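Have a look at protein06.tsv below; it lists TSV, C-alpha atoms and all ligand atoms.
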chain	number	residue	atom	x	y	z
L	205	MET	CA	-12.60	5.46	30.82
L	206	LYS	CA	-15.43	3.11	31.69
L	207	PHE	CA	-18.34	1.60	29.79
L	208	THR	CA	-20.80	-1.21	30.37
L	209	PHE	CA	-21.16	-4.45	28.44
L	210	ASN	CA	-24.40	-6.30	29.15
L	211	GLY	CA	-24.53	-4.41	32.43
L	212	ARG	CA	-20.97	-5.23	33.53
L	213	GLU	CA	-18.58	-2.34	34.05
L	214	ILE	CA	-15.47	-2.51	31.85
L	215	ARG	CA	-12.39	-0.28	32.07
L	216	ALA	CA	-10.73	0.99	28.90
L	217	GLU	CA	-7.52	2.80	28.08
L	218	PRO	CA	-7.20	5.65	25.59
L	219	GLY	CA	-7.03	4.13	22.11
L	220	ASP	CA	-9.08	1.07	23.02
L	221	THR	CA	-11.86	-0.12	20.76
L	222	ILE	CA	-14.85	-1.84	22.35
L	223	ALA	CA	-13.50	-5.26	21.34
L	224	SER	CA	-9.93	-4.58	22.52
L	225	ALA	CA	-11.15	-3.42	25.94
L	226	LEU	CA	-13.38	-6.49	26.26
L	227	ALA	CA	-10.59	-8.82	25.15
L	228	LYS	CA	-8.27	-7.28	27.77
L	229	ALA	CA	-10.98	-8.00	30.34
L	230	GLY	CA	-11.01	-11.64	29.16
L	231	ILE	CA	-14.32	-11.36	27.27
L	232	LEU	CA	-14.21	-12.92	23.81
L	233	GLU	CA	-17.89	-13.75	23.34
L	234	LEU	CA	-19.59	-10.61	22.03
L	235	GLY	CA	-22.95	-11.98	20.99
L	236	ARG	CA	-24.82	-14.88	19.45
L	237	SER	CA	-25.53	-15.71	15.82
L	238	LEU	CA	-28.99	-14.64	14.73
L	239	LYS	CA	-30.19	-17.94	13.42
L	240	LEU	CA	-28.65	-20.69	15.50
L	241	GLY	CA	-27.79	-18.71	18.62
L	242	LYS	CA	-24.12	-19.81	18.53
L	243	PRO	CA	-21.47	-17.70	20.27
L	244	ARG	CA	-19.74	-15.04	18.18
L	245	GLY	CA	-16.56	-13.04	18.74
L	246	VAL	CA	-14.01	-11.06	16.80
L	247	PHE	CA	-12.44	-12.75	13.78
L	248	CYS	CA	-10.67	-10.23	11.51
L	249	CYS	CA	-10.44	-7.39	14.07
L	250	SER	CA	-10.25	-5.06	11.08
L	251	GLY	CA	-13.83	-4.23	10.21
L	252	TYR	CA	-14.62	-6.52	7.28
L	253	CYS	CA	-16.05	-9.80	8.64
L	254	PHE	CA	-18.96	-8.32	10.65
L	255	ARG	CA	-18.78	-11.01	13.34
L	256	CYS	CA	-18.41	-8.51	16.17
L	257	LEU	CA	-21.67	-6.57	15.86
L	258	VAL	CA	-22.99	-5.05	19.09
L	259	THR	CA	-25.56	-2.44	20.04
L	260	VAL	CA	-24.08	0.82	21.34
L	261	ASP	CA	-26.28	3.33	23.17
L	262	GLY	CA	-29.28	1.81	21.38
L	263	VAL	CA	-27.74	1.88	17.90
L	264	PRO	CA	-27.53	-1.67	16.50
L	265	ASN	CA	-24.91	-3.32	14.24
L	266	VAL	CA	-21.88	-1.41	15.43
L	267	ARG	CA	-18.54	-3.14	14.75
L	268	ALA	CA	-16.92	-3.57	18.13
L	269	CYS	CA	-13.45	-4.16	16.68
L	270	ILE	CA	-13.07	-0.71	15.07
L	271	THR	CA	-15.30	1.44	17.28
L	272	PRO	CA	-13.38	3.46	19.86
L	273	VAL	CA	-14.62	3.38	23.45
L	274	ARG	CA	-16.31	6.53	24.70
L	275	ASP	CA	-16.64	7.10	28.41
L	276	GLY	CA	-20.04	5.95	29.69
L	277	MET	CA	-21.19	4.13	26.56
L	278	VAL	CA	-23.69	1.32	27.01
L	279	VAL	CA	-22.84	-1.75	24.94
L	280	THR	CA	-25.06	-4.79	24.65
L	281	SER	CA	-24.81	-8.09	22.79
L	282	GLN	CA	-26.86	-8.86	19.73
L	283	GLY	CA	-28.15	-12.08	18.31
L	284	GLY	CA	-30.55	-14.86	19.01
L	285	SER	CA	-31.14	-16.46	22.37
L	286	ARG	CA	-31.01	-20.26	22.61
L	287	LEU	CA	-34.82	-20.29	22.86
L	288	ARG	CA	-35.16	-18.20	19.72
L	289	ALA	CA	-32.63	-20.46	17.97
L	290	ALA	CA	-34.70	-23.55	18.86
L	291	LEU	CA	-37.83	-21.85	17.52
L	292	ILE	CA	-36.13	-20.85	14.27
L	293	GLN	CA	-34.74	-24.34	13.78
L	294	MET	CA	-38.24	-25.73	14.23
L	295	LEU	CA	-39.66	-23.23	11.73
L	296	ASP	CA	-36.80	-24.08	9.38
L	297	LYS	CA	-37.98	-27.67	9.21
L	298	VAL	CA	-41.18	-26.51	7.51
L	299	GLY	CA	-39.34	-24.00	5.34
L	300	PHE	CA	-40.88	-21.05	7.15
L	301	THR	CA	-37.72	-18.99	7.39
L	302	SER	CA	-36.16	-19.73	4.00
L	303	PRO	CA	-35.88	-16.84	1.52
L	304	GLN	CA	-37.86	-18.98	-0.92
L	305	PHE	CA	-40.78	-18.97	1.51
L	306	TYR	CA	-40.68	-15.19	1.70
L	307	PHE	CA	-40.66	-14.77	-2.04
L	308	GLU	CA	-43.19	-17.46	-2.90
L	309	LYS	CA	-45.71	-17.01	-0.13
L	310	LEU	CA	-45.30	-13.53	1.24
L	311	HIS	CA	-45.45	-11.27	-1.80
L	312	LEU	CA	-49.18	-10.56	-1.98
L	313	PRO	CA	-50.85	-8.42	-0.87
L	314	PHE	CA	-47.88	-6.09	-0.56
L	315	THR	CA	-48.89	-4.51	2.78
L	316	ALA	CA	-49.33	-7.92	4.40
L	317	ALA	CA	-45.99	-9.06	2.98
L	318	ALA	CA	-44.20	-5.99	4.38
L	319	ALA	CA	-45.77	-6.51	7.81
L	320	ALA	CA	-44.93	-10.22	7.82
L	321	THR	CA	-41.33	-9.56	6.73
L	322	GLU	CA	-40.91	-7.02	9.53
L	323	LEU	CA	-42.35	-9.54	11.99
L	324	PHE	CA	-39.84	-12.18	10.90
L	325	ARG	CA	-37.01	-9.71	10.99
L	326	ARG	CA	-37.84	-8.79	14.55
L	327	ALA	CA	-38.32	-12.45	15.49
L	328	VAL	CA	-34.83	-13.45	14.34
L	329	SER	CA	-32.94	-10.25	15.21
L	330	GLY	CA	-31.74	-9.34	18.66
L	331	ALA	CA	-31.27	-5.73	17.61
L	332	GLU	CA	-33.65	-2.90	18.34
L	333	LEU	CA	-34.69	-1.29	15.09
L	334	PRO	CA	-34.89	1.42	13.89
L	335	PRO	CA	-32.05	3.40	15.49
L	336	PRO	CA	-33.15	6.05	17.94
L	337	ALA	CA	-33.51	9.68	16.96
L	338	GLY	CA	-30.46	11.92	17.28
L	339	CYS	CA	-28.26	10.00	14.83
L	340	GLU	CA	-28.69	12.47	11.99
L	341	LEU	CA	-25.39	13.19	10.30
L	342	LYS	CA	-24.01	16.55	9.37
L	343	ALA	CA	-23.76	16.58	5.56
L	344	GLY	CA	-21.14	18.47	3.61
L	345	SER	CA	-19.11	18.55	0.42
L	346	CYS	CA	-15.54	19.36	-0.34
L	347	GLU	CA	-13.34	19.86	-3.43
L	348	VAL	CA	-9.79	18.55	-3.39
L	349	ASP	CA	-7.06	17.72	-5.87
L	350	ALA	CA	-6.70	14.15	-4.66
L	351	VAL	CA	-8.38	11.68	-2.36
L	352	VAL	CA	-6.49	8.68	-1.02
L	353	VAL	CA	-8.59	5.84	0.37
L	354	GLY	CA	-6.81	3.66	2.93
L	355	GLY	CA	-4.30	4.66	5.59
L	356	GLY	CA	-1.86	1.76	5.34
L	357	ALA	CA	1.71	1.97	4.02
L	358	ALA	CA	0.65	2.67	0.41
L	359	GLY	CA	-2.00	5.24	1.30
L	360	LEU	CA	0.23	7.15	3.71
L	361	ALA	CA	3.13	7.22	1.23
L	362	ALA	CA	0.86	8.36	-1.61
L	363	ALA	CA	-0.72	11.12	0.52
L	364	ARG	CA	2.70	12.43	1.56
L	365	VAL	CA	4.03	12.50	-2.01
L	366	LEU	CA	0.91	14.27	-3.33
L	367	ALA	CA	0.97	16.83	-0.51
L	368	GLU	CA	4.71	17.46	-1.00
L	369	ALA	CA	3.92	18.22	-4.65
L	370	GLY	CA	1.71	21.08	-3.43
L	371	LEU	CA	-1.66	19.40	-4.05
L	372	SER	CA	-4.62	19.42	-1.66
L	373	VAL	CA	-5.02	15.86	-0.38
L	374	VAL	CA	-7.44	14.08	1.91
L	375	LEU	CA	-6.70	10.59	3.18
L	376	LEU	CA	-9.65	8.55	4.43
L	377	GLU	CA	-9.07	5.76	6.94
L	378	GLU	CA	-12.02	3.73	8.16
L	379	LYS	CA	-10.39	2.60	11.40
L	380	PRO	CA	-9.72	4.82	14.41
L	381	GLU	CA	-5.99	4.81	13.65
L	382	PRO	CA	-4.13	4.68	10.32
L	383	GLY	CA	-1.28	2.23	9.77
L	384	GLY	CA	-3.06	-0.76	8.26
L	385	MET	CA	-0.95	-3.91	7.94
L	386	LEU	CA	2.23	-1.92	8.48
L	387	ALA	CA	1.24	-1.30	12.11
L	388	LYS	CA	0.65	-5.01	12.73
L	389	VAL	CA	3.60	-6.83	11.18
L	390	GLY	CA	5.94	-6.32	14.10
L	391	PHE	CA	9.69	-5.88	13.62
L	392	ILE	CA	10.85	-5.19	10.03
L	393	GLN	CA	14.34	-6.62	9.61
L	394	GLU	CA	15.24	-4.55	6.51
L	395	LEU	CA	14.54	-1.29	8.38
L	396	GLY	CA	15.62	-2.29	11.87
L	397	CYS	CA	12.41	-0.94	13.44
L	398	SER	CA	8.86	-2.00	14.12
L	399	GLY	CA	6.13	-1.47	11.54
L	400	GLY	CA	4.09	0.37	14.18
L	401	LYS	CA	6.85	2.95	14.69
L	402	LEU	CA	7.26	3.45	10.95
L	403	ALA	CA	3.47	3.84	10.56
L	404	ASP	CA	3.42	6.57	13.22
L	405	GLU	CA	6.27	8.39	11.47
L	406	MET	CA	4.53	8.11	8.12
L	407	VAL	CA	1.32	9.62	9.54
L	408	LYS	CA	3.35	12.54	10.93
L	409	GLU	CA	5.17	13.05	7.63
L	410	ALA	CA	1.94	13.01	5.62
L	411	VAL	CA	0.31	15.55	7.97
L	412	GLN	CA	3.44	17.77	8.04
L	413	ALA	CA	3.46	17.76	4.24
L	414	GLY	CA	-0.09	19.14	4.34
L	415	ALA	CA	-2.32	16.07	3.84
L	416	GLU	CA	-5.52	15.92	5.86
L	417	VAL	CA	-5.92	12.51	7.52
L	418	LYS	CA	-9.52	11.68	8.40
L	419	ARG	CA	-9.84	8.79	10.84
L	420	GLY	CA	-12.96	6.66	11.30
L	421	MET	CA	-14.27	7.68	7.89
L	422	LEU	CA	-15.56	5.03	5.51
L	423	ALA	CA	-15.48	5.67	1.74
L	424	TYR	CA	-18.51	3.70	0.60
L	425	ALA	CA	-19.23	4.78	-2.97
L	426	VAL	CA	-17.67	6.54	-5.92
L	427	GLU	CA	-19.23	7.79	-9.11
L	428	GLY	CA	-17.41	9.76	-11.82
L	429	ASN	CA	-15.17	12.12	-9.88
L	430	VAL	CA	-17.23	12.17	-6.69
L	431	LEU	CA	-16.48	9.96	-3.70
L	432	TYR	CA	-18.97	9.49	-0.86
L	433	ALA	CA	-17.78	8.94	2.69
L	434	VAL	CA	-19.30	8.74	6.11
L	435	SER	CA	-18.11	8.81	9.71
L	436	GLU	CA	-20.01	8.69	13.00
L	437	ALA	CA	-20.51	12.44	12.83
L	438	GLU	CA	-20.66	13.48	9.18
L	439	ALA	CA	-21.37	12.48	5.61
L	440	VAL	CA	-19.10	14.10	3.04
L	441	LYS	CA	-19.12	14.23	-0.76
L	442	PHE	CA	-15.55	14.69	-2.05
L	443	LYS	CA	-15.13	16.07	-5.55
L	444	PHE	CA	-11.66	15.03	-6.69
L	445	ARG	CA	-9.35	15.45	-9.68
L	446	GLY	CA	-7.39	12.31	-8.87
L	447	LEU	CA	-7.99	9.24	-6.73
L	448	ILE	CA	-5.74	6.59	-5.20
L	449	LEU	CA	-7.35	3.44	-3.86
L	450	ALA	CA	-4.98	1.89	-1.33
L	451	THR	CA	-7.66	-0.34	0.08
L	452	GLY	CA	-5.55	-3.36	1.02
L	453	VAL	CA	-6.72	-6.95	1.02
L	454	HIS	CA	-9.37	-9.05	2.73
L	455	GLU	CA	-8.46	-12.37	4.30
L	456	LEU	CA	-11.20	-14.89	3.61
L	457	PRO	CA	-12.55	-17.20	6.33
L	458	ARG	CA	-11.91	-20.96	6.21
L	459	ALA	CA	-14.48	-23.74	6.53
L	460	PHE	CA	-13.74	-26.20	9.34
L	461	GLU	CA	-15.51	-27.63	12.35
L	462	GLY	CA	-15.93	-25.11	15.15
L	463	ASN	CA	-14.78	-22.14	13.03
L	464	TYR	CA	-17.55	-19.96	14.50
L	465	LEU	CA	-16.20	-20.06	18.06
L	466	PRO	CA	-14.86	-16.91	19.72
L	467	GLY	CA	-11.09	-17.35	19.82
L	468	VAL	CA	-10.90	-18.48	16.18
L	469	VAL	CA	-9.26	-15.65	14.25
L	470	ASN	CA	-7.58	-15.12	10.90
L	471	VAL	CA	-4.00	-13.88	10.68
L	472	ASP	CA	-5.12	-10.26	10.39
L	473	GLY	CA	-7.12	-10.70	13.60
L	474	PHE	CA	-4.19	-12.36	15.37
L	475	MET	CA	-1.75	-9.61	14.37
L	476	THR	CA	-4.20	-6.92	15.46
L	477	ILE	CA	-4.77	-8.55	18.84
L	478	VAL	CA	-1.06	-8.97	19.53
L	479	ASN	CA	0.53	-5.92	17.91
L	480	ARG	CA	-2.21	-3.28	17.96
L	481	TRP	CA	-4.17	-4.21	21.06
L	482	GLY	CA	-1.04	-5.40	22.86
L	483	ILE	CA	-2.56	-8.62	24.22
L	484	LYS	CA	0.18	-11.23	24.46
L	485	SER	CA	-0.93	-13.24	27.45
L	486	PHE	CA	-1.89	-16.39	25.55
L	487	SER	CA	-0.37	-19.56	26.91
L	488	SER	CA	-0.62	-21.35	23.58
L	489	VAL	CA	-1.96	-20.63	20.11
L	490	ALA	CA	-2.72	-23.15	17.36
L	491	LEU	CA	-1.87	-22.37	13.72
L	492	LEU	CA	-3.66	-24.07	10.86
L	493	PRO	CA	-1.70	-24.63	7.63
L	494	PRO	CA	-2.08	-22.07	4.80
L	495	PRO	CA	-5.06	-22.46	2.47
L	496	ALA	CA	-4.61	-24.82	-0.48
L	497	GLU	CA	-4.78	-21.98	-2.99
L	498	GLY	CA	-3.71	-18.37	-3.19
L	499	ARG	CA	-1.52	-16.16	-1.07
L	500	SER	CA	-1.84	-16.01	2.71
L	501	TRP	CA	-0.13	-14.45	5.71
L	502	HIS	CA	0.61	-17.74	7.52
L	503	LEU	CA	4.34	-16.98	7.80
L	504	LEU	CA	3.56	-13.61	9.35
L	505	ALA	CA	1.43	-15.35	11.98
L	506	GLU	CA	4.43	-17.49	12.97
L	507	LYS	CA	6.70	-14.44	13.09
L	508	VAL	CA	4.28	-12.39	15.21
L	509	ALA	CA	3.83	-15.28	17.67
L	510	GLN	CA	7.59	-15.77	17.95
L	511	GLU	CA	8.30	-12.07	18.53
L	512	ALA	CA	5.60	-11.91	21.20
L	513	GLY	CA	6.93	-15.01	22.95
L	514	ILE	CA	3.68	-16.91	22.39
L	515	GLU	CA	3.96	-20.66	21.93
L	516	ALA	CA	2.53	-21.50	18.49
L	517	VAL	CA	1.55	-25.10	17.80
L	518	LYS	CA	1.16	-26.05	14.13
L	519	VAL	CA	-1.88	-28.28	13.76
L	520	PRO	CA	-2.72	-30.31	10.64
L	521	GLU	CA	-5.41	-29.56	8.06
L	522	GLY	CA	-8.72	-31.09	9.13
L	523	SER	CA	-8.29	-30.03	12.78
L	524	ALA	CA	-11.41	-28.77	14.58
L	525	ALA	CA	-11.82	-25.98	17.11
L	526	VAL	CA	-13.44	-27.16	20.34
L	527	GLY	CA	-14.91	-25.30	23.29
L	528	ARG	CA	-18.25	-24.02	24.53
L	529	GLY	CA	-18.36	-20.21	24.75
L	530	ARG	CA	-14.85	-19.87	23.25
L	531	VAL	CA	-11.99	-21.98	21.92
L	532	THR	CA	-10.30	-24.03	24.58
L	533	GLY	CA	-8.64	-26.63	22.39
L	534	VAL	CA	-8.03	-28.15	18.98
L	535	ARG	CA	-8.88	-31.72	18.02
L	536	THR	CA	-6.57	-33.06	15.30
L	537	PRO	CA	-7.77	-35.55	12.65
L	538	SER	CA	-6.01	-38.34	14.59
L	539	GLY	CA	-8.15	-37.52	17.65
L	540	GLU	CA	-5.48	-35.81	19.73
L	541	LEU	CA	-6.81	-32.93	21.86
L	542	ILE	CA	-4.45	-29.95	22.25
L	543	LYS	CA	-5.27	-27.21	24.77
L	544	VAL	CA	-4.98	-23.70	23.28
L	545	ASP	CA	-6.36	-20.19	23.93
L	546	LEU	CA	-6.62	-19.14	20.32
L	547	LEU	CA	-6.78	-20.80	16.90
L	548	VAL	CA	-5.35	-18.88	13.94
L	549	ALA	CA	-6.77	-19.88	10.56
L	550	PRO	CA	-4.84	-18.25	7.69
L	551	GLY	CA	-7.23	-17.37	4.86
L	552	ARG	CA	-6.73	-16.66	1.18
L	553	LEU	CA	-5.97	-13.01	0.48
L	554	VAL	CA	-8.15	-11.17	-2.01
L	555	PRO	CA	-7.67	-7.53	-3.01
L	556	ALA	CA	-10.29	-5.16	-1.61
L	557	LEU	CA	-11.45	-3.69	-4.91
L	558	GLU	CA	-15.07	-2.81	-4.13
L	559	LEU	CA	-14.58	0.90	-4.93
L	560	ALA	CA	-12.52	0.14	-8.05
L	561	LYS	CA	-15.38	-2.03	-9.31
L	562	LEU	CA	-17.83	0.83	-8.83
L	563	LEU	CA	-15.66	2.73	-11.32
L	564	GLY	CA	-16.03	-0.04	-13.89
L	565	PHE	CA	-12.86	-2.03	-13.08
L	566	ARG	CA	-13.71	-5.61	-13.98
L	567	GLY	CA	-10.85	-7.40	-12.30
L	568	GLY	CA	-7.86	-8.98	-13.99
L	569	GLU	CA	-4.27	-9.19	-12.91
L	570	LEU	CA	-3.00	-6.24	-10.96
L	571	SER	CA	0.64	-7.00	-10.54
L	572	GLY	CA	2.70	-4.33	-8.97
L	573	GLY	CA	2.36	-1.66	-6.37
L	574	ALA	CA	0.65	0.98	-8.55
L	575	CYS	CA	-1.83	0.42	-11.39
L	576	GLU	CA	-3.84	3.05	-13.22
L	577	ILE	CA	-7.32	1.62	-13.77
L	578	ARG	CA	-8.84	4.76	-15.27
L	579	SER	CA	-7.53	8.19	-16.10
L	580	ARG	CA	-6.17	9.68	-12.84
L	581	VAL	CA	-7.43	6.75	-10.74
L	582	TYR	CA	-4.86	4.35	-9.28
L	583	VAL	CA	-5.02	1.16	-7.25
L	584	ALA	CA	-1.92	0.99	-5.05
L	585	GLY	CA	-0.20	-1.21	-2.49
L	586	LEU	CA	-1.49	-4.59	-1.34
L	587	ALA	CA	-4.74	-4.09	-3.31
L	588	ALA	CA	-2.63	-3.82	-6.47
L	589	GLY	CA	-0.73	-7.03	-5.76
L	590	ALA	CA	2.23	-5.83	-3.67
L	591	GLY	CA	3.72	-8.80	-1.86
L	592	SER	CA	4.81	-7.09	1.36
L	593	VAL	CA	4.19	-3.89	3.30
L	594	LEU	CA	7.48	-2.44	2.01
L	595	ASP	CA	6.46	-3.17	-1.60
L	596	ALA	CA	3.12	-1.57	-0.77
L	597	LEU	CA	4.89	1.53	0.54
L	598	ARG	CA	6.95	1.83	-2.68
L	599	GLY	CA	3.78	1.29	-4.72
L	600	GLY	CA	2.03	4.10	-2.86
L	601	GLU	CA	4.94	6.45	-3.51
L	602	GLU	CA	4.95	5.54	-7.19
L	603	ALA	CA	1.18	6.05	-7.51
L	604	GLY	CA	1.51	9.42	-5.75
L	605	LYS	CA	4.28	10.56	-8.13
L	606	LEU	CA	2.43	9.43	-11.26
L	607	LEU	CA	-0.82	11.09	-10.16
L	608	ALA	CA	0.95	14.31	-9.14
L	609	GLU	CA	2.48	14.49	-12.63
L	610	GLU	CA	-0.88	13.92	-14.28
L	611	LEU	CA	-2.41	16.66	-12.15
L	612	GLY	CA	0.30	19.04	-13.36
L	613	ALA	CA	2.10	19.45	-10.05
W	1	LIG	S1	-15.54	-6.82	11.57
W	1	LIG	FE1	-15.06	-6.85	13.66
W	1	LIG	S2	-14.04	-8.73	13.90
W	1	LIG	FE2	-14.34	-8.61	11.78
What is this structure when it is put down as structure tokens?
Ligand code: FES
Amino acid sequence: MKFTFNGREIRAEPGDTIASALAKAGILELGRSLKLGKPRGVFCCSGYCFRCLVTVDGVPNVRACITPVRDGMVVTSQGGSRLRAALIQMLDKVGFTSPQFYFEKLHLPFTAAAAATELFRRAVSGAELPPPAGCELKAGSCEVDAVVVGGGAAGLAAARVLAEAGLSVVLLEEKPEPGGMLAKVGFIQELGCSGGKLADEMVKEAVQAGAEVKRGMLAYAVEGNVLYAVSEAEAVKFKFRGLILATGVHELPRAFEGNYLPGVVNVDGFMTIVNRWGIKSFSSVALLPPPAEGRSWHLLAEKVAQEAGIEAVKVPEGSAAVGRGRVTGVRTPSGELIKVDLLVAPGRLVPALELAKLLGFRGGELSGGACEIRSRVYVAGLAAGAGSVLDALRGGEEAGKLLAEELGA
């Protein structure tokens, strides 16, 4: 397959996302930040940081890291040019682009305010808006016994158990391929196999048991017993009797000098690049220490680097990423400059509970692999506090069994 990126022809293999194909071609800079025109590249590689937005066939704000390549697609960068950045910085000095300015000075008369807001939006955005015609989605609805959101270890285990109990089950996975963290952790000592292999087997088992696995479908809202989801091709309203949210965790970004540079990634991003995209040709990678508070995956980053034969240099807190269009080195607090290709910044892990909150869940300790937050609605796996992918898998199984019982199967 072939596509173009800013006019340059790029080759892609089956299974490549836009960002993985570009990274294999040595391209890490995907665009520029809207306001300051600084280079931007992938960070989480998993769809939740929004640093990899590109325009695809005229449609803006597409996440390059989770969008599969289609033959012949035309991909272009988004973001501000250096000239635009200089202009915005100048306007900033007089407060012209601050939200306060919009609200205080641009609210009356309404028509003028709307026109001025649109003008500013176009001035600071590199994207063509609105999207071209032909993007209308096919809408549909569907009734099932259970919906499982998230195709990682917990979600796959839960879907299999529910399907084996004779229930109709749909599993929704936002990314092109299920597997989640399980597919990125590398070799699992306790099982004597790689997480990727186990993930593939679990997908097969869930499908053989009768679960429908929908890839590239984002569950974005839930209300009562209706869940709303959308993919590139369709929008679907799922009416369910039971729901399992196996939505995993988000890894938060860290604040440090140069953290915006392409080549700075979190652990999730690093594991995806190495174990999902199969890019191991880094001569040296720097690892920042874990964050001061909360859980992180810093030990997994070391393990993944070691298994891939990548030299990992531990750099102290307070180190800065340096480089122009991408990271080329790390400057330590003592002033030492270390040459690296990538800087991994482990972030604090927070459960991805956005959908649970829409159902009235107000937070609190979720400790364990399976927690019922409302009648027939479970949070399972890493999102429910599981400490490892194997704990997540057990949590998913448990949630599946408990829900199947409640549904009378
Ligand atoms: S959303 Fe694509 S890199 Fe984070």
Any residue with an atom at most 10 Å from ligand LIG 1 (chain W) counts, using only C-alpha atoms and all ligand atoms. Which are they? Put them as an mmCIF file with C-alpha atoms, in the frame of the given file.
data_model
loop_
_atom_site.group_PDB
_atom_site.id
_atom_site.type_symbol
_atom_site.label_atom_id
_atom_site.label_comp_id
_atom_site.auth_asym_id
_atom_site.auth_seq_id
_atom_site.Cartn_x
_atom_site.Cartn_y
_atom_site.Cartn_z
ATOM 1 C CA ALA L 223 -13.500 -5.260 21.340
ATOM 2 C CA ARG L 244 -19.740 -15.040 18.180
ATOM 3 C CA GLY L 245 -16.560 -13.040 18.740
ATOM 4 C CA VAL L 246 -14.010 -11.060 16.800
ATOM 5 C CA PHE L 247 -12.440 -12.750 13.780
ATOM 6 C CA CYS L 248 -10.670 -10.230 11.510
ATOM 7 C CA CYS L 249 -10.440 -7.390 14.070
ATOM 8 C CA SER L 250 -10.250 -5.060 11.080
ATOM 9 C CA GLY L 251 -13.830 -4.230 10.210
ATOM 10 C CA TYR L 252 -14.620 -6.520 7.280
ATOM 11 C CA CYS L 253 -16.050 -9.800 8.640
ATOM 12 C CA PHE L 254 -18.960 -8.320 10.650
ATOM 13 C CA ARG L 255 -18.780 -11.010 13.340
ATOM 14 C CA CYS L 256 -18.410 -8.510 16.170
ATOM 15 C CA LEU L 257 -21.670 -6.570 15.860
ATOM 16 C CA VAL L 258 -22.990 -5.050 19.090
ATOM 17 C CA VAL L 266 -21.880 -1.410 15.430
ATOM 18 C CA ARG L 267 -18.540 -3.140 14.750
ATOM 19 C CA ALA L 268 -16.920 -3.570 18.130
ATOM 20 C CA CYS L 269 -13.450 -4.160 16.680
ATOM 21 C CA ILE L 270 -13.070 -0.710 15.070
ATOM 22 C CA THR L 271 -15.300 1.440 17.280
ATOM 23 C CA VAL L 469 -9.260 -15.650 14.250
ATOM 24 C CA ASN L 470 -7.580 -15.120 10.900
ATOM 25 C CA ASP L 472 -5.120 -10.260 10.390
ATOM 26 C CA GLY L 473 -7.120 -10.700 13.600
#
query = What is the distance, in Å and to one decimal place, between CA of Gly420 (chain L) and CA of Lys408 (chain L)?
reply =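 Between CA of Gly420 (chain L) and CA of Lys408 (chain L) the gap works out to 17.3 Å.
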inquiry  = Please list as a PyMOL selection string every residue within 9 Å of Ser523 (chain L), counting all atoms listed in the file and excluding residues in the same chain fewer than 4 positions away.
reply    = chain L and resi 460-461+492+519+534-539
Atoms to include: C-alpha atoms. Write the selected residues as a short mmCIF file (atom, residue, chain, number, x, y, z; two decimals), in the frame of the given file.
data_model
loop_
_atom_site.label_atom_id
_atom_site.label_comp_id
_atom_site.auth_asym_id
_atom_site.auth_seq_id
_atom_site.Cartn_x
_atom_site.Cartn_y
_atom_site.Cartn_z
CA PHE L 460 -13.74 -26.20 9.34
CA GLU L 461 -15.51 -27.63 12.35
CA LEU L 492 -3.66 -24.07 10.86
CA VAL L 519 -1.88 -28.28 13.76
CA VAL L 534 -8.03 -28.15 18.98
CA ARG L 535 -8.88 -31.72 18.02
CA THR L 536 -6.57 -33.06 15.30
CA PRO L 537 -7.77 -35.55 12.65
CA SER L 538 -6.01 -38.34 14.59
CA GLY L 539 -8.15 -37.52 17.65
#
Mind running region 374-457 of chain L against region 593-608 of chain L at 12 Å and telling me each contacting residue's nearest atom pair with the distance in Å (one decimal), counting only C-alpha atoms, chain and number ascending, as CSV?
residue,atom,partner,partner_atom,distance
L:Gly383,CA,L:Val593,CA,10.5
L:Gly384,CA,L:Val593,CA,9.3
L:Met385,CA,L:Val593,CA,6.9
L:Leu386,CA,L:Val593,CA,5.9
L:Ala387,CA,L:Val593,CA,9.6
L:Lys388,CA,L:Val593,CA,10.1
L:Val389,CA,L:Val593,CA,8.4
L:Gly390,CA,L:Val593,CA,11.2
L:Phe391,CA,L:Val593,CA,11.9
L:Ile392,CA,L:Leu594,CA,9.1
L:Gln393,CA,L:Leu594,CA,11.1
L:Glu394,CA,L:Leu594,CA,9.2
L:Leu395,CA,L:Leu594,CA,9.6
L:Ser398,CA,L:Val593,CA,11.9
L:Gly399,CA,L:Val593,CA,8.8
L:Gly400,CA,L:Val593,CA,11.7
L:Leu402,CA,L:Leu594,CA,10.7
L:Ala403,CA,L:Leu597,CA,10.4
L:Met406,CA,L:Leu597,CA,10.0
L:Ala410,CA,L:Glu601,CA,11.6
L:Arg445,CA,L:Leu607,CA,9.6
L:Gly446,CA,L:Leu607,CA,6.8
L:Leu447,CA,L:Leu607,CA,8.2
L:Ile448,CA,L:Ala603,CA,7.3
L:Leu449,CA,L:Gly600,CA,9.5
L:Ala450,CA,L:Gly600,CA,7.5
L:Thr451,CA,L:Ala596,CA,10.9
L:Gly452,CA,L:Ala596,CA,9.0
L:Val453,CA,L:Ala596,CA,11.4
4 Å per side around region 519-536 of chain L: axis-aligned box centre and edge lengths, as lines of an AutoDock Vina configuration file:
center_x = -10.1
center_y = -26.5
center_z = 16.4
size_x = 24.5
size_y = 21.2
size_z = 24.7
inquiry  = Just checking: using all atoms listed in the file, which residue out of L:Val278, L:Cys346, L:Glu427, L:Phe207 ends up closest to Gly564 (chain L)?
reply    =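 Using all atoms listed in the file, the shortest distance to Gly564 (chain L) belongs to L:Glu427.
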inquiry  = As an exercise, work out the distance from CA of Leu238 (chain L) to CA of Lys206 (chain L) in Å and give it to one decimal place.
reply    =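 Going from CA of Leu238 (chain L) over to CA of Lys206 (chain L), I get 28.0 Å.
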message = Given all atoms listed in the file as the basis, pick out the residue of L:Glu455, L:Trp501, L:Pro272, L:Ala358 nearest to Ala574 (chain L).
response =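 Checking each candidate against Ala574 (chain L), we get L:Ala358 as the closest.
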